[in-house]
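Participant: Handing you a structure now.
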Amino acid sequence: MGSPPPGDTRDPGLQPERTRLAWRRTTLTYTVVAVLAGRQVVRGDVTVAGVVAAALSVLVWLAFLWVAHGRMVALDTAEPRALPVGAGVAAVVCVVCLAAFGVSVL
């Protein structure tokens with residue numbers, strides 16, 4: 001099989017669409033977890049630590065939305081570029097921070 005002849009455009013198939021949908025599902029899941037953490041703060045004894053954790057959860061959630069939106073926009077191009085290392089690290093850090101904030105409000 002060799003490389004495609006020059007001038008042929010890449011046929012991405014459904015891979016970018018599947019990846020975009022995966023980012024959307026992840027964002028939805030992330031949103032639900034952040035809301036549940038905030039709900040835990042409101043339903044339990046309201047403490048300063050809980051309020052701070054909920055506020056930080058919102059900030060980290062916004063950061064994750066920014067990374068996810070950037071990735072979904074990048075997938076709309078004819079030749080999507082690979083996820084930059086910084087964006088991948090930022091997404092992982094956001095998820096780990098949300099987990100830590102969720103544990104802190106329990």
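Ordering of the structure tokens sets the chain letters (A, B, ...); residue numbers start at 1 within each chain; ligands are numbered from 1 in the order shown.
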Tell me which protein, DNA and RNA residues are within 8 Å of A:Arg20, counting only C-alpha atoms, leaving out same-chain ones fewer than 2 positions away, and put them as a list in words.
Facilitator: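 Final neighbour list, sorted by chain and number: Pro16, Glu17, Arg18, Ala22, Trp23, Arg24, Arg71, Met72 and Leu75 of chain A.
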Participant: Need to verify the contact set: A:Leu28, 12 Å, only C-alpha atoms, exclusion of same-chain residues closer than 4 positions in sequence. Can you return it as a list in words?
Facilitator: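 These residues fall inside the cut-off: Leu21, Ala22, Trp23, Arg24, Val32, Val33, Ala34, Val35, Trp61, Phe64, Leu65 and Ala68 of chain A.
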Participant: Grab the atom CA of A:Ala90 to atom CA of A:Thr19 distance for me, in Å with one decimal place.
Facilitator: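 Calculated distance between atom CA of A:Ala90 and atom CA of A:Thr19 is 17.7 Å.
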Participant: When you count only C-alpha atoms, which of these residues is closest to A:Val92: A:Val41, A:Val48, A:Ala55, A:Val67?
Facilitator: A:Val67
Participant: Just want the 9 Å neighbourhood of A:Leu83, counted on only C-alpha atoms, with same-chain residues fewer than 4 positions away dropped. Output as a list in words.
Facilitator: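 These residues fall inside the cut-off: Arg71, Ala74, Ala87 and Gly88 of chain A.
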Participant: Skip A:Leu106 itself and residues of its chain fewer than 4 positions away, then list as a PyMOL selection string all residues within 9 Å of it, counting only C-alpha atoms.
Facilitator: chain A and resi 37+40-41+44+50+102
Participant: Using only N, CA, C and O atoms, please write the residues we just selected to a file, as an mmCIF file, in the first residue's frame.
Facilitator:
```cif
data_model
loop_
_atom_site.group_PDB
_atom_site.id
_atom_site.type_symbol
_atom_site.label_atom_id
_atom_site.label_comp_id
_atom_site.auth_asym_id
_atom_site.auth_seq_id
_atom_site.Cartn_x
_atom_site.Cartn_y
_atom_site.Cartn_z
ATOM 1 N N ALA A 37 -20.925 17.674 43.372
ATOM 2 C CA ALA A 37 -20.029 18.157 44.435
ATOM 3 C C ALA A 37 -20.594 19.437 45.047
ATOM 4 O O ALA A 37 -20.592 19.603 46.276
ATOM 5 N N GLN A 40 -23.498 18.596 47.270
ATOM 6 C CA GLN A 40 -23.050 18.043 48.553
ATOM 7 C C GLN A 40 -22.708 19.164 49.526
ATOM 8 O O GLN A 40 -23.010 19.077 50.707
ATOM 9 N N VAL A 41 -22.103 20.234 49.023
ATOM 10 C CA VAL A 41 -21.756 21.373 49.881
ATOM 11 C C VAL A 41 -23.020 22.033 50.407
ATOM 12 O O VAL A 41 -23.119 22.368 51.581
ATOM 13 N N GLY A 44 -25.090 19.571 52.952
ATOM 14 C CA GLY A 44 -24.452 19.267 54.227
ATOM 15 C C GLY A 44 -24.226 20.532 55.033
ATOM 16 O O GLY A 44 -24.812 21.585 54.782
ATOM 17 N N GLY A 50 -15.680 23.694 52.304
ATOM 18 C CA GLY A 50 -16.614 23.208 51.293
ATOM 19 C C GLY A 50 -16.925 24.254 50.244
ATOM 20 O O GLY A 50 -16.988 23.960 49.053
ATOM 21 N N GLY A 102 -13.941 16.967 44.968
ATOM 22 C CA GLY A 102 -15.086 16.136 45.307
ATOM 23 C C GLY A 102 -14.862 15.370 46.605
ATOM 24 O O GLY A 102 -15.766 15.261 47.440
#
```
Participant: Would you kindly return, as a ChimeraX atom specification, each protein, DNA or RNA residue with an atom no farther than 9 Å from any atom of A:Leu56, considering only C-alpha atoms and excluding same-chain residues fewer than 5 positions away?
Facilitator: /A:51,61,97-98,101
Participant: Please extract the residues of chain A with a backbone DSSP assignment of helix (DSSP H, G or I) and present them as a PyMOL selection string.
Facilitator: chain A and resi 15-43+48-74+85-104
